[in-house]
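What follows is data_37.pdb (PDB, C-alpha atoms, pLDDT in the B column).
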```
ATOM      1  CA  MET R   1       9.061 -16.562  -1.396  1.00 92.00           C
ATOM      2  CA  ILE R   2      10.375 -13.081  -0.660  1.00 95.00           C
ATOM      3  CA  LEU R   3      11.929 -11.694   2.521  1.00 94.00           C
ATOM      4  CA  ILE R   4      10.976  -8.225   3.762  1.00 95.00           C
ATOM      5  CA  PRO R   5      11.502  -6.327   7.046  1.00 94.00           C
ATOM      6  CA  THR R   6       8.388  -6.474   9.216  1.00 93.00           C
ATOM      7  CA  GLY R   7       8.079  -2.697   9.333  1.00 95.00           C
ATOM      8  CA  GLU R   8       8.159  -2.409   5.556  1.00 96.00           C
ATOM      9  CA  LEU R   9       5.319  -4.881   4.974  1.00 97.00           C
ATOM     10  CA  THR R  10       3.088  -3.698   7.808  1.00 97.00           C
ATOM     11  CA  GLY R  11       3.994  -0.091   7.004  1.00 97.00           C
ATOM     12  CA  ALA R  12       3.065  -0.375   3.325  1.00 98.00           C
ATOM     13  CA  LEU R  13      -0.253  -2.010   4.196  1.00 98.00           C
ATOM     14  CA  ALA R  14      -1.002   0.582   6.881  1.00 98.00           C
ATOM     15  CA  ASP R  15      -0.216   3.328   4.358  1.00 98.00           C
ATOM     16  CA  VAL R  16      -2.919   2.171   1.937  1.00 98.00           C
ATOM     17  CA  ILE R  17      -5.586   0.728   4.248  1.00 98.00           C
ATOM     18  CA  PRO R  18      -7.246   4.132   4.951  1.00 98.00           C
ATOM     19  CA  PHE R  19      -7.898   4.525   1.212  1.00 98.00           C
ATOM     20  CA  THR R  20      -9.787   1.238   0.841  1.00 97.00           C
ATOM     21  CA  PHE R  21     -13.534   1.197   0.258  1.00 96.00           C
ATOM     22  CA  PRO R  22     -14.823   0.525   3.794  1.00 94.00           C
ATOM     23  CA  ASP R  23     -17.881  -1.645   3.106  1.00 93.00           C
ATOM     24  CA  ASP R  24     -17.995  -5.220   1.830  1.00 88.00           C
ATOM     25  CA  ASP R  25     -20.989  -4.490  -0.425  1.00 90.00           C
ATOM     26  CA  LEU R  26     -18.384  -3.477  -3.026  1.00 91.00           C
ATOM     27  CA  PRO R  27     -15.901  -6.351  -2.632  1.00 91.00           C
ATOM     28  CA  ALA R  28     -13.752  -5.411  -5.645  1.00 91.00           C
ATOM     29  CA  LEU R  29     -12.672  -2.266  -3.738  1.00 94.00           C
ATOM     30  CA  ASN R  30     -13.019  -3.511  -0.143  1.00 95.00           C
ATOM     31  CA  CYS R  31      -9.550  -4.968  -0.441  1.00 95.00           C
ATOM     32  CA  VAL R  32      -5.817  -4.337  -0.754  1.00 96.00           C
ATOM     33  CA  ARG R  33      -3.761  -5.541  -3.687  1.00 96.00           C
ATOM     34  CA  ILE R  34      -0.259  -6.881  -3.060  1.00 96.00           C
ATOM     35  CA  GLU R  35       2.107  -7.167  -6.012  1.00 96.00           C
ATOM     36  CA  TRP R  36       5.660  -8.458  -6.392  1.00 97.00           C
ATOM     37  CA  ASP R  37       7.105  -7.311  -9.732  1.00 96.00           C
ATOM     38  CA  GLY R  38      10.342  -9.282  -9.492  1.00 95.00           C
ATOM     39  CA  SER R  39      12.282  -6.608  -7.631  1.00 95.00           C
ATOM     40  CA  MET R  40       9.780  -4.501  -5.665  1.00 97.00           C
ATOM     41  CA  LEU R  41       6.743  -5.114  -3.467  1.00 97.00           C
ATOM     42  CA  HIS R  42       3.679  -2.903  -3.899  1.00 97.00           C
ATOM     43  CA  ALA R  43       0.469  -2.379  -1.921  1.00 98.00           C
ATOM     44  CA  LEU R  44      -2.432  -0.634  -3.639  1.00 98.00           C
ATOM     45  CA  SER R  45      -5.968   0.408  -2.750  1.00 97.00           C
ATOM     46  CA  THR R  46      -8.770   2.726  -3.860  1.00 97.00           C
ATOM     47  CA  ASP R  47     -12.205   3.817  -2.669  1.00 96.00           C
ATOM     48  CA  ARG R  48     -13.260   5.411  -6.015  1.00 94.00           C
ATOM     49  CA  TYR R  49     -12.383   8.916  -4.790  1.00 96.00           C
ATOM     50  CA  ARG R  50      -8.758   8.250  -3.825  1.00 98.00           C
ATOM     51  CA  ILE R  51      -5.867   6.029  -4.820  1.00 98.00           C
ATOM     52  CA  ALA R  52      -2.957   4.854  -2.662  1.00 98.00           C
ATOM     53  CA  TRP R  53       0.177   3.051  -3.817  1.00 98.00           C
ATOM     54  CA  ALA R  54       3.022   2.213  -1.412  1.00 98.00           C
ATOM     55  CA  SER R  55       6.163   0.408  -2.565  1.00 97.00           C
ATOM     56  CA  TRP R  56       9.286  -1.208  -1.143  1.00 97.00           C
ATOM     57  CA  HIS R  57      12.623  -2.071  -2.735  1.00 96.00           C
ATOM     58  CA  PRO R  58      15.335  -4.051  -0.902  1.00 93.00           C
ATOM     59  CA  ASP R  59      17.863  -1.303  -1.599  1.00 90.00           C
ATOM     60  CA  ASP R  60      15.682   1.389   0.011  1.00 82.00           C
ATOM     61  CA  ASP R  61      16.730   0.402   3.532  1.00 66.00           C
ATOM     62  CA  PRO R  62      19.089   3.043   4.985  1.00 58.00           C
ATOM     63  CA  ASP R  63      20.302   0.594   7.667  1.00 56.00           C
ATOM     64  CA  MET R  64      21.083  -2.309   5.351  1.00 51.00           C
ATOM     65  CA  ASP R  65      24.715  -2.432   6.507  1.00 51.00           C
ATOM     66  CA  THR R  66      23.910  -2.980  10.174  1.00 54.00           C
ATOM     67  CA  GLN R  67      25.360  -6.030  11.910  1.00 47.00           C
ATOM     68  CA  ASP R  68      21.969  -7.743  12.146  1.00 55.00           C
ATOM     69  CA  ASP R  69      21.604  -7.755   8.371  1.00 60.00           C
ATOM     70  CA  LEU R  70      24.964  -9.144   7.315  1.00 59.00           C
ATOM     71  CA  PHE R  71      23.440 -12.548   6.617  1.00 70.00           C
ATOM     72  CA  THR R  72      19.977 -11.384   5.484  1.00 81.00           C
ATOM     73  CA  THR R  73      19.177 -11.165   1.795  1.00 87.00           C
ATOM     74  CA  TRP R  74      16.080  -9.019   1.368  1.00 93.00           C
ATOM     75  CA  GLY R  75      13.733  -9.576  -1.553  1.00 94.00           C
ATOM     76  CA  GLY R  76      13.816 -12.820  -3.483  1.00 93.00           C
ATOM     77  CA  ALA R  77      13.863 -14.550  -6.842  1.00 91.00           C
ATOM     78  CA  ASP R  78      10.093 -14.998  -7.221  1.00 93.00           C
ATOM     79  CA  ASP R  79       8.573 -14.445 -10.630  1.00 95.00           C
ATOM     80  CA  PRO R  80       6.088 -11.545 -10.629  1.00 95.00           C
ATOM     81  CA  TRP R  81       2.812 -12.279  -8.878  1.00 95.00           C
ATOM     82  CA  SER R  82      -0.200 -10.374  -7.549  1.00 93.00           C
ATOM     83  CA  ALA R  83      -2.766 -11.171  -4.893  1.00 93.00           C
ATOM     84  CA  THR R  84      -5.765  -9.202  -3.652  1.00 94.00           C
ATOM     85  CA  ILE R  85      -6.726  -9.678  -0.002  1.00 95.00           C
ATOM     86  CA  THR R  86      -9.802  -8.412   1.804  1.00 95.00           C
ATOM     87  CA  LEU R  87      -9.616  -5.258   3.897  1.00 96.00           C
ATOM     88  CA  ASP R  88     -10.278  -7.322   7.032  1.00 96.00           C
ATOM     89  CA  ASP R  89      -7.373  -9.632   6.197  1.00 96.00           C
ATOM     90  CA  ALA R  90      -5.069  -6.674   5.543  1.00 97.00           C
ATOM     91  CA  LYS R  91      -5.961  -5.194   8.938  1.00 97.00           C
ATOM     92  CA  GLU R  92      -5.460  -8.569  10.604  1.00 96.00           C
ATOM     93  CA  LEU R  93      -2.041  -8.987   9.001  1.00 96.00           C
ATOM     94  CA  VAL R  94      -0.911  -5.592  10.319  1.00 96.00           C
ATOM     95  CA  LYS R  95      -2.329  -6.364  13.766  1.00 95.00           C
ATOM     96  CA  VAL R  96      -0.696  -9.782  14.028  1.00 92.00           C
ATOM     97  CA  PHE R  97       2.766  -8.877  12.788  1.00 93.00           C
ATOM     98  CA  LYS R  98       3.249  -5.224  13.770  1.00 91.00           C
ATOM     99  CA  LEU R  99       6.226  -4.764  16.093  1.00 90.00           C
ATOM    100  CA  PRO R 100       7.687  -1.931  18.209  1.00 92.00           C
ATOM    101  CA  LEU R 101       9.840   0.566  16.338  1.00 88.00           C
ATOM    102  CA  LYS R 102      13.149  -0.938  17.494  1.00 89.00           C
ATOM    103  CA  GLU R 103      12.127  -4.360  16.109  1.00 89.00           C
ATOM    104  CA  GLN R 104      10.908  -3.202  12.699  1.00 90.00           C
ATOM    105  CA  ARG R 105      13.710  -5.031  10.910  1.00 90.00           C
ATOM    106  CA  VAL R 106      12.723  -8.550  12.004  1.00 89.00           C
ATOM    107  CA  PRO R 107      12.309 -10.464   8.701  1.00 91.00           C
ATOM    108  CA  LEU R 108       8.988 -11.666   7.361  1.00 93.00           C
ATOM    109  CA  SER R 109       8.611 -14.117   4.519  1.00 93.00           C
ATOM    110  CA  VAL R 110       5.775 -13.617   2.050  1.00 95.00           C
ATOM    111  CA  ASP R 111       4.760 -16.442  -0.259  1.00 94.00           C
ATOM    112  CA  PHE R 112       1.986 -16.653  -2.846  1.00 94.00           C
ATOM    113  CA  ALA R 113       0.950 -20.062  -4.131  1.00 91.00           C
ATOM    114  CA  ASN R 114      -2.253 -21.931  -4.933  1.00 88.00           C
ATOM    115  CA  GLY R 115      -4.445 -18.869  -4.440  1.00 88.00           C
ATOM    116  CA  GLN R 116      -3.157 -18.182  -0.937  1.00 93.00           C
ATOM    117  CA  VAL R 117      -0.790 -15.640   0.600  1.00 95.00           C
ATOM    118  CA  THR R 118       1.284 -16.964   3.505  1.00 94.00           C
ATOM    119  CA  VAL R 119       3.157 -14.608   5.839  1.00 95.00           C
ATOM    120  CA  ARG R 120       5.417 -15.894   8.599  1.00 92.00           C
ATOM    121  CA  ARG R 121       8.319 -14.854  10.773  1.00 84.00           C
ATOM    122  CA  ASP R 122      11.728 -15.885   9.513  1.00 63.00           C
ATOM    123  CA  ARG R 123      12.846 -16.729  13.030  1.00 60.00           C
ATOM    124  CA  ASP R 124      11.326 -18.503  16.023  1.00 56.00           C
ATOM    125  CA  THR R 125       9.309 -15.754  17.707  1.00 55.00           C
ATOM    126  CA  GLY R 126       6.297 -17.789  18.729  1.00 58.00           C
ATOM    127  CA  TYR R 127       4.108 -16.558  15.856  1.00 66.00           C
ATOM    128  CA  THR R 128       2.365 -19.043  13.626  1.00 73.00           C
ATOM    129  CA  ALA R 129       2.033 -18.365   9.913  1.00 88.00           C
ATOM    130  CA  LEU R 130      -0.902 -16.298   8.719  1.00 93.00           C
ATOM    131  CA  ARG R 131      -2.501 -17.760   5.600  1.00 93.00           C
ATOM    132  CA  LEU R 132      -4.891 -15.599   3.599  1.00 93.00           C
ATOM    133  CA  ASP R 133      -7.216 -16.972   0.941  1.00 89.00           C
ATOM    134  CA  ILE R 134      -7.857 -14.880  -2.174  1.00 88.00           C
ATOM    135  CA  PRO R 135     -11.622 -14.634  -2.901  1.00 81.00           C
ATOM    136  CA  ASP R 136     -12.524 -14.915  -6.594  1.00 78.00           C
ATOM    137  CA  GLN R 137     -14.548 -11.684  -6.602  1.00 70.00           C
ATOM    138  CA  LEU R 138     -11.451  -9.647  -5.780  1.00 72.00           C
ATOM    139  CA  ALA R 139     -10.051 -10.363  -9.241  1.00 75.00           C
ATOM    140  CA  GLU R 140     -11.918  -7.266 -10.479  1.00 86.00           C
ATOM    141  CA  PHE R 141      -9.646  -4.868  -8.597  1.00 91.00           C
ATOM    142  CA  PRO R 142      -9.019  -1.930 -10.971  1.00 92.00           C
ATOM    143  CA  ASP R 143      -5.668  -1.091 -12.513  1.00 93.00           C
ATOM    144  CA  VAL R 144      -4.983   1.957 -10.354  1.00 93.00           C
ATOM    145  CA  ARG R 145      -1.481   2.367 -11.745  1.00 93.00           C
ATOM    146  CA  LYS R 146      -2.983   2.925 -15.187  1.00 93.00           C
ATOM    147  CA  LEU R 147      -5.443   5.437 -13.741  1.00 92.00           C
ATOM    148  CA  LEU R 148      -2.526   7.398 -12.324  1.00 94.00           C
ATOM    149  CA  ALA R 149      -0.502   7.132 -15.513  1.00 94.00           C
ATOM    150  CA  ASP R 150      -3.416   8.213 -17.719  1.00 91.00           C
ATOM    151  CA  SER R 151      -3.637  11.480 -15.773  1.00 91.00           C
ATOM    152  CA  ASP R 152       0.090  12.155 -15.657  1.00 89.00           C
ATOM    153  CA  ARG R 153      -0.104  15.854 -16.476  1.00 91.00           C
ATOM    154  CA  VAL R 154      -0.105  19.186 -14.666  1.00 92.00           C
ATOM    155  CA  GLU R 155      -2.617  21.966 -15.229  1.00 93.00           C
ATOM    156  CA  SER R 156      -2.963  25.268 -13.435  1.00 92.00           C
ATOM    157  CA  VAL R 157      -6.185  25.723 -11.475  1.00 91.00           C
ATOM    158  CA  ALA R 158      -7.653  28.766  -9.781  1.00 90.00           C
ATOM    159  CA  GLY R 159      -8.624  26.780  -6.699  1.00 89.00           C
ATOM    160  CA  LEU R 160      -9.826  23.363  -5.590  1.00 93.00           C
ATOM    161  CA  ALA R 161     -11.889  22.009  -2.703  1.00 95.00           C
ATOM    162  CA  PHE R 162     -11.352  18.596  -1.112  1.00 96.00           C
ATOM    163  CA  ASN R 163     -13.206  16.490   1.416  1.00 95.00           C
ATOM    164  CA  ALA R 164     -11.207  17.326   4.555  1.00 96.00           C
ATOM    165  CA  LYS R 165     -11.489  13.832   6.052  1.00 96.00           C
ATOM    166  CA  PHE R 166     -10.378  12.207   2.808  1.00 97.00           C
ATOM    167  CA  LEU R 167      -7.426  14.563   2.492  1.00 97.00           C
ATOM    168  CA  ALA R 168      -6.405  14.057   6.133  1.00 97.00           C
ATOM    169  CA  ASP R 169      -5.772  10.346   5.549  1.00 97.00           C
ATOM    170  CA  PHE R 170      -2.682  11.239   3.530  1.00 98.00           C
ATOM    171  CA  GLY R 171      -1.266  12.583   6.789  1.00 96.00           C
ATOM    172  CA  LYS R 172      -1.342   9.017   8.174  1.00 95.00           C
ATOM    173  CA  VAL R 173       1.130   7.793   5.556  1.00 97.00           C
ATOM    174  CA  ARG R 174       4.641   7.276   6.906  1.00 95.00           C
ATOM    175  CA  PRO R 175       6.212  10.752   6.800  1.00 93.00           C
ATOM    176  CA  ARG R 176       9.323   9.924   4.819  1.00 90.00           C
ATOM    177  CA  ALA R 177       9.287  13.261   2.972  1.00 94.00           C
ATOM    178  CA  PRO R 178       7.050  16.321   2.608  1.00 96.00           C
ATOM    179  CA  MET R 179       3.720  15.705   0.899  1.00 96.00           C
ATOM    180  CA  GLN R 180       3.604  17.124  -2.619  1.00 96.00           C
ATOM    181  CA  MET R 181       0.455  17.703  -4.666  1.00 96.00           C
ATOM    182  CA  SER R 182       0.072  18.361  -8.378  1.00 96.00           C
ATOM    183  CA  PHE R 183      -3.185  19.188 -10.125  1.00 96.00           C
ATOM    184  CA  THR R 184      -4.523  17.828 -13.394  1.00 95.00           C
ATOM    185  CA  GLY R 185      -7.573  20.073 -13.746  1.00 93.00           C
ATOM    186  CA  SER R 186     -10.505  21.507 -11.838  1.00 91.00           C
ATOM    187  CA  LYS R 187     -12.593  18.318 -12.116  1.00 92.00           C
ATOM    188  CA  THR R 188      -9.935  15.613 -12.277  1.00 94.00           C
ATOM    189  CA  ILE R 189      -7.674  13.965  -9.731  1.00 95.00           C
ATOM    190  CA  ALA R 190      -4.904  15.679  -7.849  1.00 96.00           C
ATOM    191  CA  HIS R 191      -1.737  13.619  -7.553  1.00 97.00           C
ATOM    192  CA  VAL R 192      -0.170  13.132  -4.118  1.00 97.00           C
ATOM    193  CA  ALA R 193       3.426  12.026  -3.537  1.00 97.00           C
ATOM    194  CA  ILE R 194       5.118  11.393  -0.186  1.00 97.00           C
ATOM    195  CA  GLY R 195       8.739  10.516  -0.789  1.00 95.00           C
ATOM    196  CA  LYS R 196       9.702   8.213  -3.629  1.00 94.00           C
ATOM    197  CA  ARG R 197       7.703   5.186  -2.456  1.00 96.00           C
ATOM    198  CA  PHE R 198       4.170   6.543  -2.006  1.00 98.00           C
ATOM    199  CA  ALA R 199       1.976   7.818  -4.800  1.00 97.00           C
ATOM    200  CA  GLY R 200      -1.714   8.547  -4.649  1.00 97.00           C
ATOM    201  CA  ALA R 201      -4.552  10.692  -5.874  1.00 97.00           C
ATOM    202  CA  ILE R 202      -7.692  12.400  -4.624  1.00 97.00           C
ATOM    203  CA  MET R 203     -10.718  13.747  -6.455  1.00 97.00           C
ATOM    204  CA  PRO R 204     -11.739  17.349  -5.757  1.00 96.00           C
ATOM    205  CA  ILE R 205     -15.318  18.129  -4.796  1.00 92.00           C
ATOM    206  CA  ASN R 206     -17.515  20.599  -6.619  1.00 76.00           C
ATOM    207  CA  GLU R 207     -18.328  23.922  -5.005  1.00 59.00           C
ATOM    208  CA  GLY R 208     -21.367  23.477  -2.804  1.00 52.00           C
ATOM    209  CA  GLN R 209     -21.034  19.679  -2.813  1.00 51.00           C
ATOM    210  CA  GLU R 210     -21.669  18.303   0.659  1.00 52.00           C
ATOM    211  CA  ALA R 211     -18.687  16.508   2.163  1.00 48.00           C
ATOM    212  CA  ALA R 212     -19.167  12.816   2.893  1.00 47.00           C
TER     213      ALA R 212
END
```
Once you've parsed the file, please lay out its structure as structure tokens.
Amino acid sequence: MILIPTGELTGALADVIPFTFPDDDLPALNCVRIEWDGSMLHALSTDRYRIAWASWHPDDDPDMDTQDDLFTTWGGADDPWSATITLDDAKELVKVFKLPLKEQRVPLSVDFANGQVTVRRDRDTGYTALRLDIPDQLAEFPDVRKLLADSDRVESVAGLAFNAKFLADFGKVRPRAPMQMSFTGSKTIAHVAIGKRFAGAIMPINEGQEAA
């Protein structure tokens, strides 16, 4: 089990949800992947044209020395694990646990065991636990980190065109820093970074290609 501030879990999921394939006829992409690597929590999604990757580390919290947190140990000692939940379940999790801004630091526990993710409040707030089953077909979620790493280069381009609606979704990511873009070529992904805990990518469209 790991312990994470409510706003960090719901925020990371909300950051990547807009980049998830919207229809369940492609279940391997109609989902959000949650990973705990032993020290950081990650949420990842893709819709084939874009990639989104939001992360959280216990030491990222600028208010970690506040009185409320003196007896709270964020993170946990879990071995690395990964779980892929459906888009509907990701939306439901955000809806159920999202809190007003002043209550963002209420702890949530996240546990993965026996093919099920369990999220619950760490204190008595009247919420029951939310348990999410992991469908077998979601095991085919692509390795989006590798896709980003394989295109880790910068090339000069004369100009690029992007689907405006697809690009606008990056503006919904928590604005923790200015958005930065770097280009890998005229027909390959452009990298997007927003602060140190959000990385993503978007494919350009060809001239004359009709926007979706």
Of R:Leu167, R:Val154, R:Ala43, R:Ala199, the one sitting nearest Ser182 in chain R when using all atoms listed in the file is R:Val154
Quick one: apply the PyMOL selection byres ((chain R and resi 86) around 10) to the file and drop the selected residues here as a short mmCIF file (atom, residue, chain, number, x, y, z; two decimals) with C-alpha atoms, in the coordinates of the input.
```
data_model
loop_
_atom_site.label_atom_id
_atom_site.label_comp_id
_atom_site.auth_asym_id
_atom_site.auth_seq_id
_atom_site.Cartn_x
_atom_site.Cartn_y
_atom_site.Cartn_z
CA THR R 20 -9.79 1.24 0.84
CA ASP R 24 -18.00 -5.22 1.83
CA PRO R 27 -15.90 -6.35 -2.63
CA ALA R 28 -13.75 -5.41 -5.64
CA LEU R 29 -12.67 -2.27 -3.74
CA ASN R 30 -13.02 -3.51 -0.14
CA CYS R 31 -9.55 -4.97 -0.44
CA VAL R 32 -5.82 -4.34 -0.75
CA ARG R 33 -3.76 -5.54 -3.69
CA THR R 84 -5.76 -9.20 -3.65
CA ILE R 85 -6.73 -9.68 0.00
CA LEU R 87 -9.62 -5.26 3.90
CA ASP R 88 -10.28 -7.32 7.03
CA ASP R 89 -7.37 -9.63 6.20
CA ALA R 90 -5.07 -6.67 5.54
CA LYS R 91 -5.96 -5.19 8.94
CA GLU R 92 -5.46 -8.57 10.60
CA LEU R 132 -4.89 -15.60 3.60
CA ASP R 133 -7.22 -16.97 0.94
CA ILE R 134 -7.86 -14.88 -2.17
CA PRO R 135 -11.62 -14.63 -2.90
CA LEU R 138 -11.45 -9.65 -5.78
#
```
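The space separating CA of Ser186 in chain R from CA of Ala164 in chain R comes to 16.9 Å.
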Legend entry - Chain and number of each residue from the PyMOL selection byres ((chain R and resi 94-108) around 9), as an MDAnalysis selection string: chainID R and resid 2:11 13:14 68:69 72 74 89:93 109:110 119:123 127 130
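Evaluated against the shown file, the PyMOL selection byres ((chain R and resi 147) around 12) gives R:Thr46, R:Arg48, R:Tyr49, R:Arg50, R:Ile51, R:Ala52, R:Trp53, R:Pro142, R:Asp143, R:Val144, R:Arg145, R:Lys146, R:Leu148, R:Ala149, R:Asp150, R:Ser151, R:Asp152, R:Thr188, R:Ile189, R:Ala190, R:His191, R:Ala199, R:Gly200, R:Ala201, R:Ile202.
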Checklist entry - What lies within 8 Å of Lys187 in chain R using only C-alpha atoms, ignoring chain neighbours under 4 positions off, as a PyMOL selection string? => result chain R and resi 203-206
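The interatomic distance for the pair CA of Gly75 in chain R and CA of Ala12 in chain R works out to 14.9 Å.
The residue that comes closest to Arg153 in chain R, out of R:Trp81, R:Trp56, R:Ser45, R:Gly185 and on the basis of all atoms listed in the file, is R:Gly185.
For the pair CA of Pro58 in chain R and CA of Ala168 in chain R, the separation is 29.2 Å.
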**Report entry** Long-range neighbours of Arg176 in chain R as a list in words, 10 Å cut-off, all atoms listed in the file, 4 positions minimum in chain
**Finding:** Ile194, Gly195, Lys196, Arg197 and Phe198 of chain R
Got a sec: who's within 9 Å of Asp79 in chain R, counting only C-alpha atoms, leaving out chain neighbours fewer than 4 positions off, as a short mmCIF file (atom, residue, chain, number, x, y, z; two decimals) with C-alpha atoms, keeping the file's coordinate frame?
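New file around-v7.cif:
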```cif
data_model
loop_
_atom_site.label_atom_id
_atom_site.label_comp_id
_atom_site.auth_asym_id
_atom_site.auth_seq_id
_atom_site.Cartn_x
_atom_site.Cartn_y
_atom_site.Cartn_z
CA TRP R 36 5.66 -8.46 -6.39
CA ASP R 37 7.10 -7.31 -9.73
CA GLY R 38 10.34 -9.28 -9.49
#
```
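Proximity ranking of R:Leu41, R:Met179, R:Gly171, R:Met1 relative to Ala113 in chain R places R:Met1 first, based on all atoms listed in the file.
Candidate residues R:His57, R:Ser82, R:Phe183, R:Glu35 were compared for distance to Val157 in chain R, and the nearest is R:Phe183, using only C-alpha atoms.
If all atoms listed in the file are the atoms counted, then among R:Pro175, R:Gln137, R:Ala83, R:Asp169 the closest residue to Asp25 in chain R is R:Gln137.
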Judged by only C-alpha atoms, the minimum distance to Val173 in chain R among R:Gly115, R:Arg131, R:Ala193, R:Met40 is found for R:Ala193
Step by step, gather every atom of range 107-123 of chain R that the file lists, find the box along x, y and z that holds them, add 4 Å on each side, and finally give centre and edge lengths in Å to one decimal, as lines of an AutoDock Vina configuration file.
```
center_x = 4.2
center_y = -16.2
center_z = 4.0
size_x = 25.3
size_y = 19.5
size_z = 26.0
```
